>>> print(open('my_file-v1.cif').read())   # mmCIF, N, CA and C atoms
data_start
#
loop_
_atom_site.label_atom_id
_atom_site.label_comp_id
_atom_site.auth_asym_id
_atom_site.auth_seq_id
_atom_site.Cartn_x
_atom_site.Cartn_y
_atom_site.Cartn_z
N MET P 1 3.93 17.89 -24.94
CA MET P 1 4.27 18.69 -23.79
C MET P 1 5.07 17.86 -22.80
N LYS P 2 5.94 18.56 -22.10
CA LYS P 2 6.72 17.89 -21.07
C LYS P 2 5.84 17.61 -19.85
N PRO P 3 6.13 16.56 -19.11
CA PRO P 3 5.34 16.25 -17.92
C PRO P 3 5.34 17.38 -16.88
N SER P 4 6.45 18.10 -16.78
CA SER P 4 6.49 19.19 -15.80
C SER P 4 5.54 20.32 -16.19
N THR P 5 5.39 20.57 -17.49
CA THR P 5 4.45 21.60 -17.95
C THR P 5 3.01 21.17 -17.68
N ILE P 6 2.73 19.90 -17.91
CA ILE P 6 1.39 19.39 -17.64
C ILE P 6 1.06 19.47 -16.16
N ASP P 7 2.02 19.12 -15.30
CA ASP P 7 1.81 19.22 -13.85
C ASP P 7 1.58 20.67 -13.42
N MET P 8 2.33 21.59 -14.02
CA MET P 8 2.17 23.01 -13.69
C MET P 8 0.77 23.49 -14.10
N LEU P 9 0.32 23.12 -15.29
CA LEU P 9 -1.00 23.53 -15.74
C LEU P 9 -2.10 22.92 -14.88
N ARG P 10 -1.91 21.68 -14.45
CA ARG P 10 -2.88 21.06 -13.54
C ARG P 10 -2.96 21.82 -12.22
N ALA P 11 -1.82 22.24 -11.71
CA ALA P 11 -1.81 23.00 -10.45
C ALA P 11 -2.53 24.33 -10.63
N TYR P 12 -2.33 24.99 -11.76
CA TYR P 12 -3.03 26.26 -12.02
C TYR P 12 -4.54 26.03 -12.12
N LEU P 13 -4.95 24.98 -12.81
CA LEU P 13 -6.37 24.70 -12.94
C LEU P 13 -7.00 24.33 -11.60
N LEU P 14 -6.27 23.59 -10.78
CA LEU P 14 -6.78 23.24 -9.46
C LEU P 14 -6.94 24.50 -8.61
N THR P 15 -5.96 25.38 -8.65
CA THR P 15 -6.03 26.63 -7.90
C THR P 15 -7.20 27.48 -8.38
N ALA P 16 -7.37 27.58 -9.69
CA ALA P 16 -8.47 28.38 -10.24
C ALA P 16 -9.82 27.78 -9.86
N SER P 17 -9.95 26.47 -9.87
CA SER P 17 -11.23 25.87 -9.51
C SER P 17 -11.53 26.03 -8.03
N LEU P 18 -10.52 25.95 -7.18
CA LEU P 18 -10.75 26.19 -5.75
C LEU P 18 -11.13 27.64 -5.49
N ALA P 19 -10.52 28.56 -6.22
CA ALA P 19 -10.90 29.97 -6.08
C ALA P 19 -12.34 30.20 -6.54
N ALA P 20 -12.73 29.55 -7.63
CA ALA P 20 -14.10 29.68 -8.12
C ALA P 20 -15.10 29.10 -7.12
N ILE P 21 -14.75 28.00 -6.48
CA ILE P 21 -15.63 27.41 -5.47
C ILE P 21 -15.79 28.37 -4.29
N ALA P 22 -14.69 28.99 -3.87
CA ALA P 22 -14.76 29.93 -2.75
C ALA P 22 -15.62 31.14 -3.11
N ILE P 23 -15.49 31.65 -4.33
CA ILE P 23 -16.30 32.79 -4.76
C ILE P 23 -17.77 32.40 -4.83
N GLU P 24 -18.04 31.21 -5.35
CA GLU P 24 -19.43 30.74 -5.43
C GLU P 24 -20.04 30.56 -4.04
N ALA P 25 -19.26 30.02 -3.11
CA ALA P 25 -19.76 29.85 -1.74
C ALA P 25 -20.03 31.20 -1.09
N ALA P 26 -19.15 32.18 -1.33
CA ALA P 26 -19.37 33.52 -0.78
C ALA P 26 -20.62 34.15 -1.38
N ALA P 27 -20.86 33.93 -2.67
CA ALA P 27 -22.08 34.46 -3.30
C ALA P 27 -23.32 33.81 -2.71
N LEU P 28 -23.28 32.50 -2.52
CA LEU P 28 -24.42 31.79 -1.95
C LEU P 28 -24.70 32.26 -0.52
N LEU P 29 -23.64 32.42 0.26
CA LEU P 29 -23.84 32.91 1.63
C LEU P 29 -24.38 34.34 1.66
N SER P 30 -23.91 35.18 0.76
CA SER P 30 -24.40 36.56 0.76
C SER P 30 -25.86 36.62 0.33
N ILE P 31 -26.28 35.72 -0.54
CA ILE P 31 -27.70 35.68 -0.93
C ILE P 31 -28.56 35.20 0.24
N SER P 32 -28.12 34.14 0.90
CA SER P 32 -28.94 33.56 1.96
C SER P 32 -28.86 34.32 3.27
N LEU P 33 -27.69 34.83 3.64
CA LEU P 33 -27.56 35.50 4.93
C LEU P 33 -27.87 36.99 4.89
N PHE P 34 -27.46 37.66 3.83
CA PHE P 34 -27.59 39.10 3.78
C PHE P 34 -28.68 39.59 2.83
N GLY P 35 -29.32 38.68 2.14
CA GLY P 35 -30.42 39.05 1.26
C GLY P 35 -30.01 39.83 0.02
N VAL P 36 -28.79 39.62 -0.45
CA VAL P 36 -28.32 40.29 -1.66
C VAL P 36 -29.09 39.73 -2.85
N SER P 37 -29.48 40.60 -3.75
CA SER P 37 -30.24 40.19 -4.94
C SER P 37 -29.38 39.33 -5.86
N GLU P 38 -30.01 38.35 -6.48
CA GLU P 38 -29.30 37.48 -7.41
C GLU P 38 -28.85 38.22 -8.66
N ASP P 39 -29.49 39.34 -8.96
CA ASP P 39 -29.12 40.13 -10.13
C ASP P 39 -27.70 40.68 -10.03
N VAL P 40 -27.24 40.87 -8.81
CA VAL P 40 -25.87 41.37 -8.60
C VAL P 40 -24.86 40.38 -9.18
N PHE P 41 -25.14 39.10 -9.04
CA PHE P 41 -24.18 38.07 -9.43
C PHE P 41 -24.27 37.68 -10.90
N THR P 42 -25.25 38.22 -11.61
CA THR P 42 -25.35 37.97 -13.05
C THR P 42 -24.86 39.16 -13.87
N SER P 43 -24.41 40.20 -13.20
CA SER P 43 -23.97 41.40 -13.91
C SER P 43 -22.58 41.19 -14.52
N THR P 44 -22.30 41.98 -15.52
CA THR P 44 -20.99 41.92 -16.18
C THR P 44 -19.88 42.36 -15.24
N THR P 45 -20.18 43.31 -14.38
CA THR P 45 -19.18 43.79 -13.42
C THR P 45 -18.75 42.68 -12.48
N PHE P 46 -19.72 41.94 -11.96
CA PHE P 46 -19.38 40.84 -11.05
C PHE P 46 -18.58 39.77 -11.77
N ARG P 47 -18.97 39.45 -12.98
CA ARG P 47 -18.26 38.41 -13.74
C ARG P 47 -16.82 38.84 -14.03
N ALA P 48 -16.63 40.10 -14.39
CA ALA P 48 -15.27 40.61 -14.65
C ALA P 48 -14.45 40.60 -13.37
N ALA P 49 -15.07 41.00 -12.26
CA ALA P 49 -14.36 41.00 -10.98
C ALA P 49 -13.99 39.58 -10.56
N THR P 50 -14.85 38.62 -10.87
CA THR P 50 -14.57 37.23 -10.55
C THR P 50 -13.38 36.71 -11.35
N VAL P 51 -13.34 37.04 -12.63
CA VAL P 51 -12.21 36.61 -13.46
C VAL P 51 -10.91 37.23 -12.96
N VAL P 52 -10.95 38.51 -12.63
CA VAL P 52 -9.76 39.19 -12.11
C VAL P 52 -9.32 38.55 -10.79
N ALA P 53 -10.27 38.24 -9.92
CA ALA P 53 -9.93 37.63 -8.63
C ALA P 53 -9.30 36.25 -8.82
N ILE P 54 -9.84 35.46 -9.74
CA ILE P 54 -9.28 34.13 -9.98
C ILE P 54 -7.87 34.23 -10.54
N VAL P 55 -7.66 35.13 -11.48
CA VAL P 55 -6.31 35.31 -12.05
C VAL P 55 -5.34 35.77 -10.98
N CYS P 56 -5.76 36.69 -10.12
CA CYS P 56 -4.88 37.17 -9.03
C CYS P 56 -4.54 36.05 -8.06
N ILE P 57 -5.51 35.22 -7.73
CA ILE P 57 -5.25 34.11 -6.81
C ILE P 57 -4.27 33.11 -7.42
N VAL P 58 -4.41 32.84 -8.71
CA VAL P 58 -3.47 31.93 -9.37
C VAL P 58 -2.06 32.53 -9.37
N LEU P 59 -1.95 33.82 -9.65
CA LEU P 59 -0.63 34.47 -9.66
C LEU P 59 0.00 34.50 -8.27
N VAL P 60 -0.81 34.74 -7.25
CA VAL P 60 -0.29 34.74 -5.88
C VAL P 60 0.18 33.33 -5.51
N THR P 61 -0.57 32.33 -5.90
CA THR P 61 -0.17 30.95 -5.63
C THR P 61 1.14 30.62 -6.33
N LYS P 62 1.29 31.10 -7.55
CA LYS P 62 2.54 30.87 -8.29
C LYS P 62 3.72 31.52 -7.57
N ARG P 63 3.53 32.74 -7.08
CA ARG P 63 4.62 33.42 -6.36
C ARG P 63 4.96 32.73 -5.04
N VAL P 64 3.95 32.27 -4.33
CA VAL P 64 4.20 31.56 -3.07
C VAL P 64 4.94 30.25 -3.33
N ALA P 65 4.57 29.55 -4.40
CA ALA P 65 5.26 28.31 -4.74
C ALA P 65 6.71 28.59 -5.11
N ARG P 66 6.95 29.66 -5.84
CA ARG P 66 8.33 30.03 -6.20
C ARG P 66 9.14 30.38 -4.96
N ALA P 67 8.52 31.13 -4.04
CA ALA P 67 9.22 31.49 -2.79
C ALA P 67 9.54 30.25 -1.97
N ALA P 68 8.63 29.28 -1.94
CA ALA P 68 8.90 28.04 -1.21
C ALA P 68 10.04 27.26 -1.85
N PHE P 69 10.09 27.26 -3.18
CA PHE P 69 11.17 26.57 -3.88
C PHE P 69 12.51 27.24 -3.60
N VAL P 70 12.55 28.56 -3.67
CA VAL P 70 13.80 29.28 -3.40
C VAL P 70 14.23 29.07 -1.95
N SER P 71 13.28 29.04 -1.04
CA SER P 71 13.60 28.78 0.36
C SER P 71 14.17 27.37 0.54
N ALA P 72 13.60 26.40 -0.16
CA ALA P 72 14.13 25.03 -0.07
C ALA P 72 15.54 24.96 -0.62
N LEU P 73 15.82 25.70 -1.68
CA LEU P 73 17.18 25.74 -2.21
C LEU P 73 18.14 26.41 -1.24
N SER P 74 17.72 27.51 -0.62
CA SER P 74 18.61 28.24 0.27
C SER P 74 18.89 27.48 1.57
N HIS P 75 17.95 26.66 2.00
CA HIS P 75 18.16 25.87 3.21
C HIS P 75 18.69 24.47 2.91
N HIS P 76 19.06 24.22 1.67
CA HIS P 76 19.65 22.96 1.23
C HIS P 76 18.72 21.76 1.39
N TYR P 77 17.41 22.00 1.39
CA TYR P 77 16.46 20.89 1.34
C TYR P 77 16.35 20.36 -0.08
N ALA P 78 16.69 21.20 -1.05
CA ALA P 78 16.71 20.81 -2.45
C ALA P 78 18.01 21.34 -3.06
N THR P 79 18.60 20.56 -3.95
CA THR P 79 19.83 20.98 -4.62
C THR P 79 19.76 20.56 -6.09
N PHE P 80 20.52 21.26 -6.93
CA PHE P 80 20.63 20.87 -8.32
C PHE P 80 21.55 19.66 -8.41
N THR P 81 21.23 18.71 -9.27
CA THR P 81 22.03 17.49 -9.35
C THR P 81 23.38 17.72 -10.02
N ASP P 82 23.44 18.58 -11.05
CA ASP P 82 24.72 18.99 -11.61
C ASP P 82 24.57 20.36 -12.25
N ALA P 83 25.66 20.97 -12.58
CA ALA P 83 25.65 22.37 -13.03
C ALA P 83 24.99 22.55 -14.39
N HIS P 84 25.02 21.54 -15.25
CA HIS P 84 24.50 21.67 -16.61
C HIS P 84 23.05 21.18 -16.73
N SER P 85 22.52 20.66 -15.68
CA SER P 85 21.16 20.11 -15.72
C SER P 85 20.23 20.97 -14.88
N SER P 86 18.96 20.89 -15.19
CA SER P 86 17.97 21.59 -14.37
C SER P 86 17.25 20.62 -13.44
N ALA P 87 17.80 19.42 -13.25
CA ALA P 87 17.20 18.43 -12.37
C ALA P 87 17.46 18.80 -10.92
N ILE P 88 16.50 18.51 -10.08
CA ILE P 88 16.56 18.86 -8.66
C ILE P 88 16.58 17.58 -7.84
N CYS P 89 17.36 17.58 -6.79
CA CYS P 89 17.43 16.47 -5.86
C CYS P 89 16.89 16.94 -4.52
N LEU P 90 15.97 16.19 -3.96
CA LEU P 90 15.39 16.56 -2.65
C LEU P 90 16.07 15.79 -1.55
#
>>> encode(input="my_file-v1.cif", output="structure tokens")
Amino acid sequence: MKPSTIDMLRAYLLTASLAAIAIEAAALLSISLFGVSEDVFTSTTFRAATVVAIVCIVLVTKRVARAAFVSALSHHYATFTDAHSSAICL
């Protein structure tokens, strides 16, 4: 694999793990503060909703990163080094 692909996958995994931590913290707070039953968090519905939420957060992060890259290109903070290459100069 190319190093850029490995870096991209690491960023996705980091984003997914941070989303999972946030969901777990919200579950813990809802159990302790609001008295929600623990059975709610072991259901298939909750697990499916958690997977969907994590995937959505990763996709939103990907779009925000793409928008930041396009903005950097449009404001000339980043430029392509030559027309035939995909290398970027900051």
>>> resolve_selection(input="my_file-v1.cif", expression="the PyMOL selection byres ((chain P and resi 50-66) around 6.5)", output="list of chain:residue names")
P:Tyr12, P:Thr15, P:Ala16, P:Ala19, P:Ala20, P:Thr45, P:Phe46, P:Arg47, P:Ala48, P:Ala49, P:Ala67, P:Ala68, P:Phe69, P:Val70, P:Ser71
>>> select_by_dssp(input="my_file-v1.cif", residues="chain P", states="strand (DSSP E or B)", output="PyMOL selection string")
chain P and resi 79-80+88-89
>>> atom_distance(input="my_file-v1.cif", atom1="atom CA of Phe41 of chain P", atom2="atom CA of Leu28 of chain P")
9.8 Å
>>> axis_aligned_box(input="my_file-v1.cif", around="segment 22-29 of chain P", padding_each_side="5 Å", output="JSON")
{"center_x": -19.7, "center_y": 31.7, "center_z": -1.9, "size_x": 20.0, "size_y": 15.5, "size_z": 17.1}
>>> select_by_dssp(input="my_file-v1.cif", residues="chain P", states="alpha helix (DSSP H)", output="ChimeraX atom specification")
/P:3-34,44-74
>>> atom_distance(input="my_file-v1.cif", atom1="atom N of Ser74 of chain P", atom2="atom C of Ala87 of chain P")
13.5 Å
>>> atom_distance(input="my_file-v1.cif", atom1="atom N of Phe80 of chain P", atom2="atom C of Met8 of chain P")
21.1 Å
>>> closest_residue(input="my_file-v1.cif", among="P:Gly35, P:Tyr77, P:Pro3, P:Leu13", to="Cys89 of chain P", atoms="only N, CA and C atoms")
P:Tyr77
>>> closest_residue(input="my_file-v1.cif", among="P:Leu90, P:Ala25, P:Ala11, P:Val40", to="His75 of chain P", atoms="only C-alpha atoms")
P:Leu90
>>> decode(input="my_file-v1.cif", residues="segment 8-41 of chain P", atoms="N, CA, C and O atoms", output="PDB file, in the first residue's frame")
ATOM      1  N   MET P   8      -4.501   7.770   5.192  1.00  0.00           N
ATOM      2  CA  MET P   8      -5.943   7.995   5.070  1.00  0.00           C
ATOM      3  C   MET P   8      -6.714   6.993   5.937  1.00  0.00           C
ATOM      4  O   MET P   8      -7.639   7.368   6.655  1.00  0.00           O
ATOM      5  N   LEU P   9      -6.316   5.725   5.887  1.00  0.00           N
ATOM      6  CA  LEU P   9      -6.993   4.714   6.692  1.00  0.00           C
ATOM      7  C   LEU P   9      -6.795   4.962   8.179  1.00  0.00           C
ATOM      8  O   LEU P   9      -7.719   4.757   8.981  1.00  0.00           O
ATOM      9  N   ARG P  10      -5.612   5.420   8.565  1.00  0.00           N
ATOM     10  CA  ARG P  10      -5.380   5.774   9.972  1.00  0.00           C
ATOM     11  C   ARG P  10      -6.298   6.909  10.417  1.00  0.00           C
ATOM     12  O   ARG P  10      -6.817   6.899  11.533  1.00  0.00           O
ATOM     13  N   ALA P  11      -6.473   7.893   9.552  1.00  0.00           N
ATOM     14  CA  ALA P  11      -7.353   9.016   9.891  1.00  0.00           C
ATOM     15  C   ALA P  11      -8.792   8.537  10.053  1.00  0.00           C
ATOM     16  O   ALA P  11      -9.494   8.972  10.973  1.00  0.00           O
ATOM     17  N   TYR P  12      -9.235   7.634   9.180  1.00  0.00           N
ATOM     18  CA  TYR P  12     -10.595   7.091   9.300  1.00  0.00           C
ATOM     19  C   TYR P  12     -10.749   6.298  10.596  1.00  0.00           C
ATOM     20  O   TYR P  12     -11.772   6.409  11.288  1.00  0.00           O
ATOM     21  N   LEU P  13      -9.760   5.487  10.935  1.00  0.00           N
ATOM     22  CA  LEU P  13      -9.834   4.703  12.165  1.00  0.00           C
ATOM     23  C   LEU P  13      -9.811   5.598  13.401  1.00  0.00           C
ATOM     24  O   LEU P  13     -10.522   5.332  14.376  1.00  0.00           O
ATOM     25  N   LEU P  14      -9.018   6.652  13.364  1.00  0.00           N
ATOM     26  CA  LEU P  14      -8.985   7.586  14.486  1.00  0.00           C
ATOM     27  C   LEU P  14     -10.338   8.275  14.643  1.00  0.00           C
ATOM     28  O   LEU P  14     -10.861   8.401  15.753  1.00  0.00           O
ATOM     29  N   THR P  15     -10.923   8.702  13.538  1.00  0.00           N
ATOM     30  CA  THR P  15     -12.232   9.346  13.581  1.00  0.00           C
ATOM     31  C   THR P  15     -13.285   8.384  14.116  1.00  0.00           C
ATOM     32  O   THR P  15     -14.113   8.761  14.958  1.00  0.00           O
ATOM     33  N   ALA P  16     -13.266   7.144  13.645  1.00  0.00           N
ATOM     34  CA  ALA P  16     -14.240   6.149  14.106  1.00  0.00           C
ATOM     35  C   ALA P  16     -14.063   5.857  15.595  1.00  0.00           C
ATOM     36  O   ALA P  16     -15.055   5.721  16.325  1.00  0.00           O
ATOM     37  N   SER P  17     -12.834   5.774  16.065  1.00  0.00           N
ATOM     38  CA  SER P  17     -12.628   5.492  17.484  1.00  0.00           C
ATOM     39  C   SER P  17     -13.051   6.668  18.357  1.00  0.00           C
ATOM     40  O   SER P  17     -13.626   6.467  19.435  1.00  0.00           O
ATOM     41  N   LEU P  18     -12.819   7.886  17.904  1.00  0.00           N
ATOM     42  CA  LEU P  18     -13.291   9.048  18.667  1.00  0.00           C
ATOM     43  C   LEU P  18     -14.812   9.116  18.698  1.00  0.00           C
ATOM     44  O   LEU P  18     -15.406   9.477  19.723  1.00  0.00           O
ATOM     45  N   ALA P  19     -15.446   8.760  17.594  1.00  0.00           N
ATOM     46  CA  ALA P  19     -16.914   8.712  17.572  1.00  0.00           C
ATOM     47  C   ALA P  19     -17.436   7.640  18.519  1.00  0.00           C
ATOM     48  O   ALA P  19     -18.413   7.864  19.246  1.00  0.00           O
ATOM     49  N   ALA P  20     -16.778   6.493  18.551  1.00  0.00           N
ATOM     50  CA  ALA P  20     -17.189   5.422  19.459  1.00  0.00           C
ATOM     51  C   ALA P  20     -17.021   5.837  20.919  1.00  0.00           C
ATOM     52  O   ALA P  20     -17.865   5.518  21.768  1.00  0.00           O
ATOM     53  N   ILE P  21     -15.953   6.558  21.219  1.00  0.00           N
ATOM     54  CA  ILE P  21     -15.737   7.042  22.585  1.00  0.00           C
ATOM     55  C   ILE P  21     -16.845   8.014  22.974  1.00  0.00           C
ATOM     56  O   ILE P  21     -17.366   7.963  24.094  1.00  0.00           O
ATOM     57  N   ALA P  22     -17.213   8.906  22.060  1.00  0.00           N
ATOM     58  CA  ALA P  22     -18.276   9.871  22.351  1.00  0.00           C
ATOM     59  C   ALA P  22     -19.610   9.162  22.575  1.00  0.00           C
ATOM     60  O   ALA P  22     -20.377   9.518  23.493  1.00  0.00           O
ATOM     61  N   ILE P  23     -19.912   8.149  21.774  1.00  0.00           N
ATOM     62  CA  ILE P  23     -21.159   7.400  21.939  1.00  0.00           C
ATOM     63  C   ILE P  23     -21.153   6.648  23.266  1.00  0.00           C
ATOM     64  O   ILE P  23     -22.158   6.612  23.990  1.00  0.00           O
ATOM     65  N   GLU P  24     -20.014   6.054  23.599  1.00  0.00           N
ATOM     66  CA  GLU P  24     -19.909   5.332  24.873  1.00  0.00           C
ATOM     67  C   GLU P  24     -20.062   6.276  26.064  1.00  0.00           C
ATOM     68  O   GLU P  24     -20.720   5.940  27.052  1.00  0.00           O
ATOM     69  N   ALA P  25     -19.467   7.459  25.980  1.00  0.00           N
ATOM     70  CA  ALA P  25     -19.601   8.443  27.061  1.00  0.00           C
ATOM     71  C   ALA P  25     -21.052   8.900  27.201  1.00  0.00           C
ATOM     72  O   ALA P  25     -21.556   9.056  28.319  1.00  0.00           O
ATOM     73  N   ALA P  26     -21.734   9.106  26.064  1.00  0.00           N
ATOM     74  CA  ALA P  26     -23.141   9.497  26.115  1.00  0.00           C
ATOM     75  C   ALA P  26     -23.992   8.389  26.730  1.00  0.00           C
ATOM     76  O   ALA P  26     -24.917   8.669  27.515  1.00  0.00           O
ATOM     77  N   ALA P  27     -23.682   7.138  26.418  1.00  0.00           N
ATOM     78  CA  ALA P  27     -24.418   6.016  27.013  1.00  0.00           C
ATOM     79  C   ALA P  27     -24.188   5.955  28.516  1.00  0.00           C
ATOM     80  O   ALA P  27     -25.122   5.745  29.295  1.00  0.00           O
ATOM     81  N   LEU P  28     -22.943   6.137  28.941  1.00  0.00           N
ATOM     82  CA  LEU P  28     -22.626   6.107  30.365  1.00  0.00           C
ATOM     83  C   LEU P  28     -23.325   7.236  31.112  1.00  0.00           C
ATOM     84  O   LEU P  28     -23.884   7.026  32.194  1.00  0.00           O
ATOM     85  N   LEU P  29     -23.315   8.424  30.516  1.00  0.00           N
ATOM     86  CA  LEU P  29     -24.004   9.552  31.154  1.00  0.00           C
ATOM     87  C   LEU P  29     -25.513   9.339  31.223  1.00  0.00           C
ATOM     88  O   LEU P  29     -26.150   9.691  32.216  1.00  0.00           O
ATOM     89  N   SER P  30     -26.086   8.767  30.177  1.00  0.00           N
ATOM     90  CA  SER P  30     -27.535   8.550  30.204  1.00  0.00           C
ATOM     91  C   SER P  30     -27.916   7.488  31.234  1.00  0.00           C
ATOM     92  O   SER P  30     -28.990   7.570  31.828  1.00  0.00           O
ATOM     93  N   ILE P  31     -27.049   6.514  31.458  1.00  0.00           N
ATOM     94  CA  ILE P  31     -27.326   5.514  32.493  1.00  0.00           C
ATOM     95  C   ILE P  31     -27.230   6.145  33.880  1.00  0.00           C
ATOM     96  O   ILE P  31     -28.117   5.952  34.722  1.00  0.00           O
ATOM     97  N   SER P  32     -26.178   6.923  34.105  1.00  0.00           N
ATOM     98  CA  SER P  32     -25.966   7.477  35.444  1.00  0.00           C
ATOM     99  C   SER P  32     -26.848   8.681  35.750  1.00  0.00           C
ATOM    100  O   SER P  32     -27.332   8.816  36.871  1.00  0.00           O
ATOM    101  N   LEU P  33     -27.077   9.550  34.776  1.00  0.00           N
ATOM    102  CA  LEU P  33     -27.848  10.764  35.057  1.00  0.00           C
ATOM    103  C   LEU P  33     -29.352  10.591  34.870  1.00  0.00           C
ATOM    104  O   LEU P  33     -30.144  11.150  35.641  1.00  0.00           O
ATOM    105  N   PHE P  34     -29.755   9.850  33.864  1.00  0.00           N
ATOM    106  CA  PHE P  34     -31.169   9.758  33.536  1.00  0.00           C
ATOM    107  C   PHE P  34     -31.790   8.413  33.899  1.00  0.00           C
ATOM    108  O   PHE P  34     -32.981   8.207  33.673  1.00  0.00           O
ATOM    109  N   GLY P  35     -31.001   7.495  34.391  1.00  0.00           N
ATOM    110  CA  GLY P  35     -31.528   6.215  34.820  1.00  0.00           C
ATOM    111  C   GLY P  35     -32.012   5.315  33.694  1.00  0.00           C
ATOM    112  O   GLY P  35     -32.890   4.487  33.892  1.00  0.00           O
ATOM    113  N   VAL P  36     -31.437   5.456  32.516  1.00  0.00           N
ATOM    114  CA  VAL P  36     -31.807   4.617  31.380  1.00  0.00           C
ATOM    115  C   VAL P  36     -31.320   3.193  31.659  1.00  0.00           C
ATOM    116  O   VAL P  36     -30.213   2.990  32.161  1.00  0.00           O
ATOM    117  N   SER P  37     -32.142   2.222  31.340  1.00  0.00           N
ATOM    118  CA  SER P  37     -31.791   0.821  31.570  1.00  0.00           C
ATOM    119  C   SER P  37     -30.634   0.395  30.674  1.00  0.00           C
ATOM    120  O   SER P  37     -30.538   0.811  29.512  1.00  0.00           O
ATOM    121  N   GLU P  38     -29.777  -0.458  31.213  1.00  0.00           N
ATOM    122  CA  GLU P  38     -28.640  -0.955  30.435  1.00  0.00           C
ATOM    123  C   GLU P  38     -29.082  -1.851  29.286  1.00  0.00           C
ATOM    124  O   GLU P  38     -28.352  -2.027  28.319  1.00  0.00           O
ATOM    125  N   ASP P  39     -30.276  -2.398  29.377  1.00  0.00           N
ATOM    126  CA  ASP P  39     -30.798  -3.259  28.310  1.00  0.00           C
ATOM    127  C   ASP P  39     -30.977  -2.503  26.999  1.00  0.00           C
ATOM    128  O   ASP P  39     -30.908  -3.098  25.923  1.00  0.00           O
ATOM    129  N   VAL P  40     -31.194  -1.209  27.099  1.00  0.00           N
ATOM    130  CA  VAL P  40     -31.348  -0.389  25.893  1.00  0.00           C
ATOM    131  C   VAL P  40     -30.069  -0.434  25.057  1.00  0.00           C
ATOM    132  O   VAL P  40     -30.110  -0.488  23.828  1.00  0.00           O
ATOM    133  N   PHE P  41     -28.932  -0.452  25.721  1.00  0.00           N
ATOM    134  CA  PHE P  41     -27.646  -0.358  25.031  1.00  0.00           C
ATOM    135  C   PHE P  41     -27.107  -1.710  24.555  1.00  0.00           C
ATOM    136  O   PHE P  41     -26.086  -1.762  23.887  1.00  0.00           O
TER     137      PHE P  41
END
